[in-house]
Amino acid sequence: MKRILKNIFVVLFVVILSHALSFQSVFSEEVSCPVPTFTSHPQGHPLRTTKGKIFRSNDPSVIFDNEEGIFKMWDTYWRNVGGLGISYATSKDGIVWELLEDKRGDRVHVLSPSENGWDQRLETVSVLKLKNGYEYKGKNYEYLMWYMGYPGVDETGKNIFKGPGRRKAIGLAFSHNGRDWVRYEGN
């Protein structure tokens, strides 16, 4: 019996491998992906804010908005009031960034963590701008955001920010302008 199963496994492996190789050769002939080249900025300095400070960012998602002619960035940002959420910045050149800030000069969240939900902490964002938009609940949204969320405390109130019990999940949100977001109800 073991010998029969082994032979069946070998035959299946060969069949799957031959299909994979034939698919790979067809795929590689039809699709080409140029390897990008990167060069350092002539001034050699890191990214800056419009106030001249070094711009520190975590888990950024950057797009170039052809319609507005600017770069847009969403990133993970910790606020002493509000916790870990998603912030926003824009740039004309991709080097000097205008941060979305409140009147005191503190960065604000464009997507804030929930108080009691599965996403009490937000990070690792990815944003797309769709040319024709995406319809959700009868409204057309240009921007879609995927983000990682996880609870800050478990059912007993124990802090589970790190370590075992930290249950991560991916959430989805929609926006008209990239700043005001509506969470998908199915998250």
# chains A, B, ... in the order shown; residues from 1 in each chain; ligands from 1
>>> residues_around(residues="Gly85 in chain A", least_positions_apart="5", cutoff="12 Å", atoms="only C-alpha atoms", output="PDB file with all heavy atoms, in the first residue's frame")
ATOM      1  N   ASN A  58       6.743  55.675   9.705  1.00  0.00           N
ATOM      2  CA  ASN A  58       6.708  54.215   9.841  1.00  0.00           C
ATOM      3  C   ASN A  58       5.664  53.633   8.894  1.00  0.00           C
ATOM      4  O   ASN A  58       4.549  54.147   8.808  1.00  0.00           O
ATOM      5  CB  ASN A  58       6.356  53.813  11.279  1.00  0.00           C
ATOM      6  CG  ASN A  58       7.428  54.219  12.253  1.00  0.00           C
ATOM      7  OD1 ASN A  58       8.588  53.853  12.102  1.00  0.00           O
ATOM      8  ND2 ASN A  58       7.057  55.006  13.252  1.00  0.00           N
ATOM      9  N   ASP A  59       6.019  52.563   8.221  1.00  0.00           N
ATOM     10  CA  ASP A  59       5.101  51.816   7.340  1.00  0.00           C
ATOM     11  C   ASP A  59       4.383  52.713   6.342  1.00  0.00           C
ATOM     12  O   ASP A  59       3.163  52.674   6.231  1.00  0.00           O
ATOM     13  CB  ASP A  59       4.055  51.061   8.178  1.00  0.00           C
ATOM     14  CG  ASP A  59       4.658  50.222   9.279  1.00  0.00           C
ATOM     15  OD1 ASP A  59       5.700  49.613   9.042  1.00  0.00           O
ATOM     16  OD2 ASP A  59       4.069  50.166  10.373  1.00  0.00           O
ATOM     17  N   TRP A  74       0.486  58.102   3.520  1.00  0.00           N
ATOM     18  CA  TRP A  74      -0.203  57.686   4.733  1.00  0.00           C
ATOM     19  C   TRP A  74       0.779  56.815   5.487  1.00  0.00           C
ATOM     20  O   TRP A  74       1.482  55.995   4.890  1.00  0.00           O
ATOM     21  CB  TRP A  74      -1.470  56.899   4.400  1.00  0.00           C
ATOM     22  CG  TRP A  74      -2.476  57.698   3.651  1.00  0.00           C
ATOM     23  CD1 TRP A  74      -3.547  58.361   4.166  1.00  0.00           C
ATOM     24  CD2 TRP A  74      -2.520  57.936   2.231  1.00  0.00           C
ATOM     25  NE1 TRP A  74      -4.239  59.001   3.175  1.00  0.00           N
ATOM     26  CE2 TRP A  74      -3.635  58.752   1.964  1.00  0.00           C
ATOM     27  CE3 TRP A  74      -1.722  57.547   1.150  1.00  0.00           C
ATOM     28  CZ2 TRP A  74      -3.974  59.178   0.686  1.00  0.00           C
ATOM     29  CZ3 TRP A  74      -2.052  57.971  -0.125  1.00  0.00           C
ATOM     30  CH2 TRP A  74      -3.169  58.769  -0.350  1.00  0.00           C
ATOM     31  N   ASP A  75       0.855  56.985   6.796  1.00  0.00           N
ATOM     32  CA  ASP A  75       1.816  56.211   7.566  1.00  0.00           C
ATOM     33  C   ASP A  75       1.307  55.946   8.974  1.00  0.00           C
ATOM     34  O   ASP A  75       0.327  56.533   9.423  1.00  0.00           O
ATOM     35  CB  ASP A  75       3.170  56.930   7.609  1.00  0.00           C
ATOM     36  CG  ASP A  75       3.128  58.261   8.359  1.00  0.00           C
ATOM     37  OD1 ASP A  75       2.082  58.925   8.343  1.00  0.00           O
ATOM     38  OD2 ASP A  75       4.150  58.630   8.951  1.00  0.00           O
ATOM     39  N   THR A  76       1.995  55.038   9.659  1.00  0.00           N
ATOM     40  CA  THR A  76       1.685  54.702  11.040  1.00  0.00           C
ATOM     41  C   THR A  76       2.275  55.782  11.942  1.00  0.00           C
ATOM     42  O   THR A  76       3.449  56.143  11.792  1.00  0.00           O
ATOM     43  CB  THR A  76       2.313  53.343  11.409  1.00  0.00           C
ATOM     44  OG1 THR A  76       1.835  52.352  10.508  1.00  0.00           O
ATOM     45  CG2 THR A  76       1.972  52.948  12.828  1.00  0.00           C
ATOM     46  N   TYR A  77       1.450  56.300  12.853  1.00  0.00           N
ATOM     47  CA  TYR A  77       1.938  57.348  13.743  1.00  0.00           C
ATOM     48  C   TYR A  77       1.337  57.185  15.136  1.00  0.00           C
ATOM     49  O   TYR A  77       0.131  56.991  15.281  1.00  0.00           O
ATOM     50  CB  TYR A  77       1.587  58.737  13.182  1.00  0.00           C
ATOM     51  CG  TYR A  77       2.196  59.864  13.978  1.00  0.00           C
ATOM     52  CD1 TYR A  77       3.556  60.130  13.890  1.00  0.00           C
ATOM     53  CD2 TYR A  77       1.421  60.624  14.840  1.00  0.00           C
ATOM     54  CE1 TYR A  77       4.130  61.145  14.633  1.00  0.00           C
ATOM     55  CE2 TYR A  77       1.989  61.641  15.577  1.00  0.00           C
ATOM     56  CZ  TYR A  77       3.343  61.901  15.481  1.00  0.00           C
ATOM     57  OH  TYR A  77       3.908  62.905  16.215  1.00  0.00           O
ATOM     58  N   TRP A  78       2.202  57.264  16.154  1.00  0.00           N
ATOM     59  CA  TRP A  78       1.764  57.165  17.549  1.00  0.00           C
ATOM     60  C   TRP A  78       1.519  58.566  18.097  1.00  0.00           C
ATOM     61  O   TRP A  78       2.378  59.430  18.030  1.00  0.00           O
ATOM     62  CB  TRP A  78       2.822  56.469  18.412  1.00  0.00           C
ATOM     63  CG  TRP A  78       2.441  56.468  19.858  1.00  0.00           C
ATOM     64  CD1 TRP A  78       2.794  57.380  20.813  1.00  0.00           C
ATOM     65  CD2 TRP A  78       1.591  55.531  20.505  1.00  0.00           C
ATOM     66  NE1 TRP A  78       2.216  57.074  22.016  1.00  0.00           N
ATOM     67  CE2 TRP A  78       1.476  55.934  21.856  1.00  0.00           C
ATOM     68  CE3 TRP A  78       0.909  54.394  20.082  1.00  0.00           C
ATOM     69  CZ2 TRP A  78       0.715  55.228  22.774  1.00  0.00           C
ATOM     70  CZ3 TRP A  78       0.158  53.696  21.002  1.00  0.00           C
ATOM     71  CH2 TRP A  78       0.060  54.111  22.326  1.00  0.00           C
ATOM     72  N   ARG A  79       0.314  58.769  18.620  1.00  0.00           N
ATOM     73  CA  ARG A  79      -0.029  60.022  19.319  1.00  0.00           C
ATOM     74  C   ARG A  79      -0.222  59.698  20.789  1.00  0.00           C
ATOM     75  O   ARG A  79      -0.826  58.682  21.120  1.00  0.00           O
ATOM     76  CB  ARG A  79      -1.338  60.595  18.778  1.00  0.00           C
ATOM     77  CG  ARG A  79      -1.223  61.223  17.410  1.00  0.00           C
ATOM     78  CD  ARG A  79      -2.578  61.775  16.973  1.00  0.00           C
ATOM     79  NE  ARG A  79      -3.209  62.563  18.017  1.00  0.00           N
ATOM     80  CZ  ARG A  79      -3.347  63.885  17.993  1.00  0.00           C
ATOM     81  NH1 ARG A  79      -2.905  64.562  16.972  1.00  0.00           N
ATOM     82  NH2 ARG A  79      -3.933  64.526  18.965  1.00  0.00           N
ATOM     83  N   ASN A  80       0.274  60.577  21.657  1.00  0.00           N
ATOM     84  CA  ASN A  80       0.068  60.357  23.094  1.00  0.00           C
ATOM     85  C   ASN A  80      -1.411  60.338  23.431  1.00  0.00           C
ATOM     86  O   ASN A  80      -1.848  59.630  24.327  1.00  0.00           O
ATOM     87  CB  ASN A  80       0.793  61.424  23.916  1.00  0.00           C
ATOM     88  CG  ASN A  80       2.295  61.223  23.859  1.00  0.00           C
ATOM     89  OD1 ASN A  80       2.765  60.113  23.676  1.00  0.00           O
ATOM     90  ND2 ASN A  80       3.038  62.306  23.982  1.00  0.00           N
ATOM     91  N   ARG A 107       0.792  66.121  14.815  1.00  0.00           N
ATOM     92  CA  ARG A 107       0.208  65.351  13.714  1.00  0.00           C
ATOM     93  C   ARG A 107      -1.109  64.733  14.165  1.00  0.00           C
ATOM     94  O   ARG A 107      -1.279  64.364  15.325  1.00  0.00           O
ATOM     95  CB  ARG A 107       1.165  64.242  13.273  1.00  0.00           C
ATOM     96  CG  ARG A 107       2.409  64.821  12.606  1.00  0.00           C
ATOM     97  CD  ARG A 107       3.289  63.756  12.059  1.00  0.00           C
ATOM     98  NE  ARG A 107       2.668  63.160  10.881  1.00  0.00           N
ATOM     99  CZ  ARG A 107       3.063  62.021  10.338  1.00  0.00           C
ATOM    100  NH1 ARG A 107       4.061  61.345  10.857  1.00  0.00           N
ATOM    101  NH2 ARG A 107       2.454  61.537   9.272  1.00  0.00           N
ATOM    102  N   VAL A 108      -2.045  64.651  13.243  1.00  0.00           N
ATOM    103  CA  VAL A 108      -3.356  64.078  13.547  1.00  0.00           C
ATOM    104  C   VAL A 108      -3.544  62.778  12.769  1.00  0.00           C
ATOM    105  O   VAL A 108      -2.883  62.543  11.765  1.00  0.00           O
ATOM    106  CB  VAL A 108      -4.501  65.063  13.211  1.00  0.00           C
ATOM    107  CG1 VAL A 108      -4.391  66.313  14.056  1.00  0.00           C
ATOM    108  CG2 VAL A 108      -4.508  65.413  11.744  1.00  0.00           C
ATOM    109  N   HIS A 109      -4.443  61.965  13.253  1.00  0.00           N
ATOM    110  CA  HIS A 109      -4.800  60.726  12.561  1.00  0.00           C
ATOM    111  C   HIS A 109      -5.912  61.011  11.559  1.00  0.00           C
ATOM    112  O   HIS A 109      -6.884  61.679  11.892  1.00  0.00           O
ATOM    113  CB  HIS A 109      -5.301  59.673  13.545  1.00  0.00           C
ATOM    114  CG  HIS A 109      -4.239  59.118  14.421  1.00  0.00           C
ATOM    115  ND1 HIS A 109      -4.498  58.660  15.681  1.00  0.00           N
ATOM    116  CD2 HIS A 109      -2.910  58.915  14.226  1.00  0.00           C
ATOM    117  CE1 HIS A 109      -3.387  58.209  16.227  1.00  0.00           C
ATOM    118  NE2 HIS A 109      -2.408  58.368  15.356  1.00  0.00           N
ATOM    119  N   VAL A 110      -5.773  60.470  10.356  1.00  0.00           N
ATOM    120  CA  VAL A 110      -6.880  60.521   9.399  1.00  0.00           C
ATOM    121  C   VAL A 110      -7.742  59.271   9.551  1.00  0.00           C
ATOM    122  O   VAL A 110      -8.897  59.260   9.148  1.00  0.00           O
ATOM    123  CB  VAL A 110      -6.397  60.689   7.942  1.00  0.00           C
ATOM    124  CG1 VAL A 110      -5.774  62.056   7.741  1.00  0.00           C
ATOM    125  CG2 VAL A 110      -5.458  59.584   7.517  1.00  0.00           C
ATOM    126  N   LEU A 111      -7.172  58.226  10.132  1.00  0.00           N
ATOM    127  CA  LEU A 111      -7.934  57.046  10.538  1.00  0.00           C
ATOM    128  C   LEU A 111      -7.473  56.708  11.951  1.00  0.00           C
ATOM    129  O   LEU A 111      -6.329  56.311  12.167  1.00  0.00           O
ATOM    130  CB  LEU A 111      -7.714  55.857   9.601  1.00  0.00           C
ATOM    131  CG  LEU A 111      -8.613  54.649   9.872  1.00  0.00           C
ATOM    132  CD1 LEU A 111     -10.097  54.986   9.628  1.00  0.00           C
ATOM    133  CD2 LEU A 111      -8.208  53.465   9.011  1.00  0.00           C
ATOM    134  N   SER A 112      -8.371  56.932  12.905  1.00  0.00           N
ATOM    135  CA  SER A 112      -8.045  56.740  14.318  1.00  0.00           C
ATOM    136  C   SER A 112      -8.421  55.341  14.767  1.00  0.00           C
ATOM    137  O   SER A 112      -9.333  54.723  14.216  1.00  0.00           O
ATOM    138  CB  SER A 112      -8.802  57.755  15.177  1.00  0.00           C
ATOM    139  OG  SER A 112      -8.398  59.064  14.850  1.00  0.00           O
ATOM    140  N   PRO A 113      -7.740  54.846  15.799  1.00  0.00           N
ATOM    141  CA  PRO A 113      -8.088  53.534  16.333  1.00  0.00           C
ATOM    142  C   PRO A 113      -9.478  53.552  16.967  1.00  0.00           C
ATOM    143  O   PRO A 113      -9.930  54.593  17.438  1.00  0.00           O
ATOM    144  CB  PRO A 113      -7.020  53.273  17.392  1.00  0.00           C
ATOM    145  CG  PRO A 113      -6.192  54.491  17.500  1.00  0.00           C
ATOM    146  CD  PRO A 113      -6.619  55.466  16.478  1.00  0.00           C
ATOM    147  N   SER A 114     -10.137  52.409  16.945  1.00  0.00           N
ATOM    148  CA  SER A 114     -11.438  52.317  17.607  1.00  0.00           C
ATOM    149  C   SER A 114     -11.213  52.226  19.114  1.00  0.00           C
ATOM    150  O   SER A 114     -10.151  51.819  19.569  1.00  0.00           O
ATOM    151  CB  SER A 114     -12.212  51.092  17.110  1.00  0.00           C
ATOM    152  OG  SER A 114     -11.526  49.909  17.456  1.00  0.00           O
ATOM    153  N   GLU A 115     -12.225  52.616  19.876  1.00  0.00           N
ATOM    154  CA  GLU A 115     -12.073  52.576  21.327  1.00  0.00           C
ATOM    155  C   GLU A 115     -12.223  51.168  21.888  1.00  0.00           C
ATOM    156  O   GLU A 115     -11.509  50.789  22.799  1.00  0.00           O
ATOM    157  CB  GLU A 115     -13.087  53.516  21.985  1.00  0.00           C
ATOM    158  CG  GLU A 115     -12.747  54.977  21.760  1.00  0.00           C
ATOM    159  CD  GLU A 115     -13.663  55.896  22.542  1.00  0.00           C
ATOM    160  OE1 GLU A 115     -14.130  55.505  23.632  1.00  0.00           O
ATOM    161  OE2 GLU A 115     -13.898  57.013  22.050  1.00  0.00           O
ATOM    162  N   ASP A 119      -9.799  46.795  16.253  1.00  0.00           N
ATOM    163  CA  ASP A 119      -8.707  47.630  15.730  1.00  0.00           C
ATOM    164  C   ASP A 119      -8.419  48.830  16.640  1.00  0.00           C
ATOM    165  O   ASP A 119      -8.508  49.972  16.236  1.00  0.00           O
ATOM    166  CB  ASP A 119      -8.995  48.057  14.298  1.00  0.00           C
ATOM    167  CG  ASP A 119     -10.310  48.799  14.133  1.00  0.00           C
ATOM    168  OD1 ASP A 119     -11.098  48.872  15.106  1.00  0.00           O
ATOM    169  OD2 ASP A 119     -10.554  49.319  13.037  1.00  0.00           O
ATOM    170  N   GLN A 120      -8.039  48.524  17.888  1.00  0.00           N
ATOM    171  CA  GLN A 120      -7.671  49.575  18.835  1.00  0.00           C
ATOM    172  C   GLN A 120      -6.278  50.128  18.545  1.00  0.00           C
ATOM    173  O   GLN A 120      -5.877  51.137  19.105  1.00  0.00           O
ATOM    174  CB  GLN A 120      -7.725  49.036  20.262  1.00  0.00           C
ATOM    175  CG  GLN A 120      -9.117  48.645  20.686  1.00  0.00           C
ATOM    176  CD  GLN A 120      -9.115  47.880  21.995  1.00  0.00           C
ATOM    177  OE1 GLN A 120      -8.076  47.462  22.498  1.00  0.00           O
ATOM    178  NE2 GLN A 120     -10.291  47.690  22.559  1.00  0.00           N
ATOM    179  N   ARG A 121      -5.540  49.453  17.692  1.00  0.00           N
ATOM    180  CA  ARG A 121      -4.239  49.905  17.198  1.00  0.00           C
ATOM    181  C   ARG A 121      -4.257  49.730  15.680  1.00  0.00           C
ATOM    182  O   ARG A 121      -4.722  48.709  15.179  1.00  0.00           O
ATOM    183  CB  ARG A 121      -3.084  49.084  17.772  1.00  0.00           C
ATOM    184  CG  ARG A 121      -3.019  49.032  19.278  1.00  0.00           C
ATOM    185  CD  ARG A 121      -2.398  50.293  19.843  1.00  0.00           C
ATOM    186  NE  ARG A 121      -2.072  50.146  21.245  1.00  0.00           N
ATOM    187  CZ  ARG A 121      -2.884  50.467  22.252  1.00  0.00           C
ATOM    188  NH1 ARG A 121      -4.087  50.907  21.997  1.00  0.00           N
ATOM    189  NH2 ARG A 121      -2.498  50.338  23.488  1.00  0.00           N
ATOM    190  N   LEU A 122      -3.746  50.721  14.953  1.00  0.00           N
ATOM    191  CA  LEU A 122      -3.721  50.666  13.489  1.00  0.00           C
ATOM    192  C   LEU A 122      -2.300  50.886  12.994  1.00  0.00           C
ATOM    193  O   LEU A 122      -1.581  51.726  13.523  1.00  0.00           O
ATOM    194  CB  LEU A 122      -4.603  51.765  12.886  1.00  0.00           C
ATOM    195  CG  LEU A 122      -6.046  51.861  13.372  1.00  0.00           C
ATOM    196  CD1 LEU A 122      -6.713  53.065  12.726  1.00  0.00           C
ATOM    197  CD2 LEU A 122      -6.790  50.599  13.063  1.00  0.00           C
ATOM    198  N   GLU A 123      -1.914  50.147  11.975  1.00  0.00           N
ATOM    199  CA  GLU A 123      -0.602  50.343  11.378  1.00  0.00           C
ATOM    200  C   GLU A 123      -0.512  49.674  10.017  1.00  0.00           C
ATOM    201  O   GLU A 123      -1.467  49.065   9.551  1.00  0.00           O
ATOM    202  CB  GLU A 123       0.505  49.834  12.297  1.00  0.00           C
ATOM    203  CG  GLU A 123       0.457  48.346  12.554  1.00  0.00           C
ATOM    204  CD  GLU A 123       1.588  47.882  13.446  1.00  0.00           C
ATOM    205  OE1 GLU A 123       1.548  48.126  14.660  1.00  0.00           O
ATOM    206  OE2 GLU A 123       2.516  47.258  12.898  1.00  0.00           O
ATOM    207  N   THR A 124       0.645  49.821   9.368  1.00  0.00           N
ATOM    208  CA  THR A 124       0.989  49.147   8.118  1.00  0.00           C
ATOM    209  C   THR A 124      -0.101  49.338   7.070  1.00  0.00           C
ATOM    210  O   THR A 124      -0.845  48.426   6.745  1.00  0.00           O
ATOM    211  CB  THR A 124       1.271  47.649   8.373  1.00  0.00           C
ATOM    212  OG1 THR A 124       2.071  47.526   9.546  1.00  0.00           O
ATOM    213  CG2 THR A 124       1.994  47.036   7.201  1.00  0.00           C
ATOM    214  N   VAL A 125      -0.168  50.540   6.547  1.00  0.00           N
ATOM    215  CA  VAL A 125      -1.236  50.963   5.649  1.00  0.00           C
ATOM    216  C   VAL A 125      -0.825  50.805   4.181  1.00  0.00           C
ATOM    217  O   VAL A 125       0.349  50.871   3.846  1.00  0.00           O
ATOM    218  CB  VAL A 125      -1.615  52.427   5.963  1.00  0.00           C
ATOM    219  CG1 VAL A 125      -0.447  53.347   5.752  1.00  0.00           C
ATOM    220  CG2 VAL A 125      -2.792  52.888   5.169  1.00  0.00           C
ATOM    221  N   TYR A 147      -5.433  48.330   6.061  1.00  0.00           N
ATOM    222  CA  TYR A 147      -4.578  48.581   7.217  1.00  0.00           C
ATOM    223  C   TYR A 147      -4.608  47.374   8.132  1.00  0.00           C
ATOM    224  O   TYR A 147      -5.533  46.562   8.100  1.00  0.00           O
ATOM    225  CB  TYR A 147      -5.045  49.828   7.981  1.00  0.00           C
ATOM    226  CG  TYR A 147      -6.452  49.716   8.521  1.00  0.00           C
ATOM    227  CD1 TYR A 147      -6.694  49.228   9.804  1.00  0.00           C
ATOM    228  CD2 TYR A 147      -7.548  50.079   7.748  1.00  0.00           C
ATOM    229  CE1 TYR A 147      -7.992  49.112  10.297  1.00  0.00           C
ATOM    230  CE2 TYR A 147      -8.842  49.975   8.231  1.00  0.00           C
ATOM    231  CZ  TYR A 147      -9.051  49.487   9.502  1.00  0.00           C
ATOM    232  OH  TYR A 147     -10.324  49.367   9.987  1.00  0.00           O
ATOM    233  N   MET A 148      -3.560  47.242   8.947  1.00  0.00           N
ATOM    234  CA  MET A 148      -3.537  46.179   9.939  1.00  0.00           C
ATOM    235  C   MET A 148      -4.065  46.756  11.246  1.00  0.00           C
ATOM    236  O   MET A 148      -3.682  47.859  11.653  1.00  0.00           O
ATOM    237  CB  MET A 148      -2.127  45.650  10.150  1.00  0.00           C
ATOM    238  CG  MET A 148      -2.106  44.480  11.124  1.00  0.00           C
ATOM    239  SD  MET A 148      -0.478  43.752  11.344  1.00  0.00           S
ATOM    240  CE  MET A 148       0.312  44.998  12.330  1.00  0.00           C
ATOM    241  N   GLY A 149      -4.949  46.022  11.875  1.00  0.00           N
ATOM    242  CA  GLY A 149      -5.479  46.432  13.158  1.00  0.00           C
ATOM    243  C   GLY A 149      -5.384  45.290  14.147  1.00  0.00           C
ATOM    244  O   GLY A 149      -5.315  44.119  13.764  1.00  0.00           O
ATOM    245  N   TYR A 150      -5.354  45.646  15.422  1.00  0.00           N
ATOM    246  CA  TYR A 150      -5.362  44.643  16.475  1.00  0.00           C
ATOM    247  C   TYR A 150      -5.810  45.307  17.770  1.00  0.00           C
ATOM    248  O   TYR A 150      -5.680  46.521  17.929  1.00  0.00           O
ATOM    249  CB  TYR A 150      -3.998  43.962  16.639  1.00  0.00           C
ATOM    250  CG  TYR A 150      -2.835  44.901  16.733  1.00  0.00           C
ATOM    251  CD1 TYR A 150      -2.369  45.348  17.965  1.00  0.00           C
ATOM    252  CD2 TYR A 150      -2.201  45.355  15.585  1.00  0.00           C
ATOM    253  CE1 TYR A 150      -1.299  46.221  18.046  1.00  0.00           C
ATOM    254  CE2 TYR A 150      -1.132  46.224  15.660  1.00  0.00           C
ATOM    255  CZ  TYR A 150      -0.683  46.647  16.899  1.00  0.00           C
ATOM    256  OH  TYR A 150       0.372  47.517  16.967  1.00  0.00           O
TER     257      TYR A 150
END
>>> residues_around(residues="Lys72 in chain A", least_positions_apart="2", cutoff="12 Å", atoms="only C-alpha atoms", output="PyMOL selection string")
chain A and resi 60-70+74-75+87-100+126-129+143+177-179
>>> select_by_dssp(residues="range 25-140 of chain A", states="helix (DSSP H, G or I)", output="list in words")
Ser25, Val26, Phe27, Ser28, Glu29 and Glu30 of chain A
>>> atom_distance(atom1="CA of Leu130 in chain A", atom2="CA of Trp146 in chain A")
13.8 Å
>>> atom_distance(atom1="CA of Ser175 in chain A", atom2="CA of Tyr134 in chain A")
9.6 Å
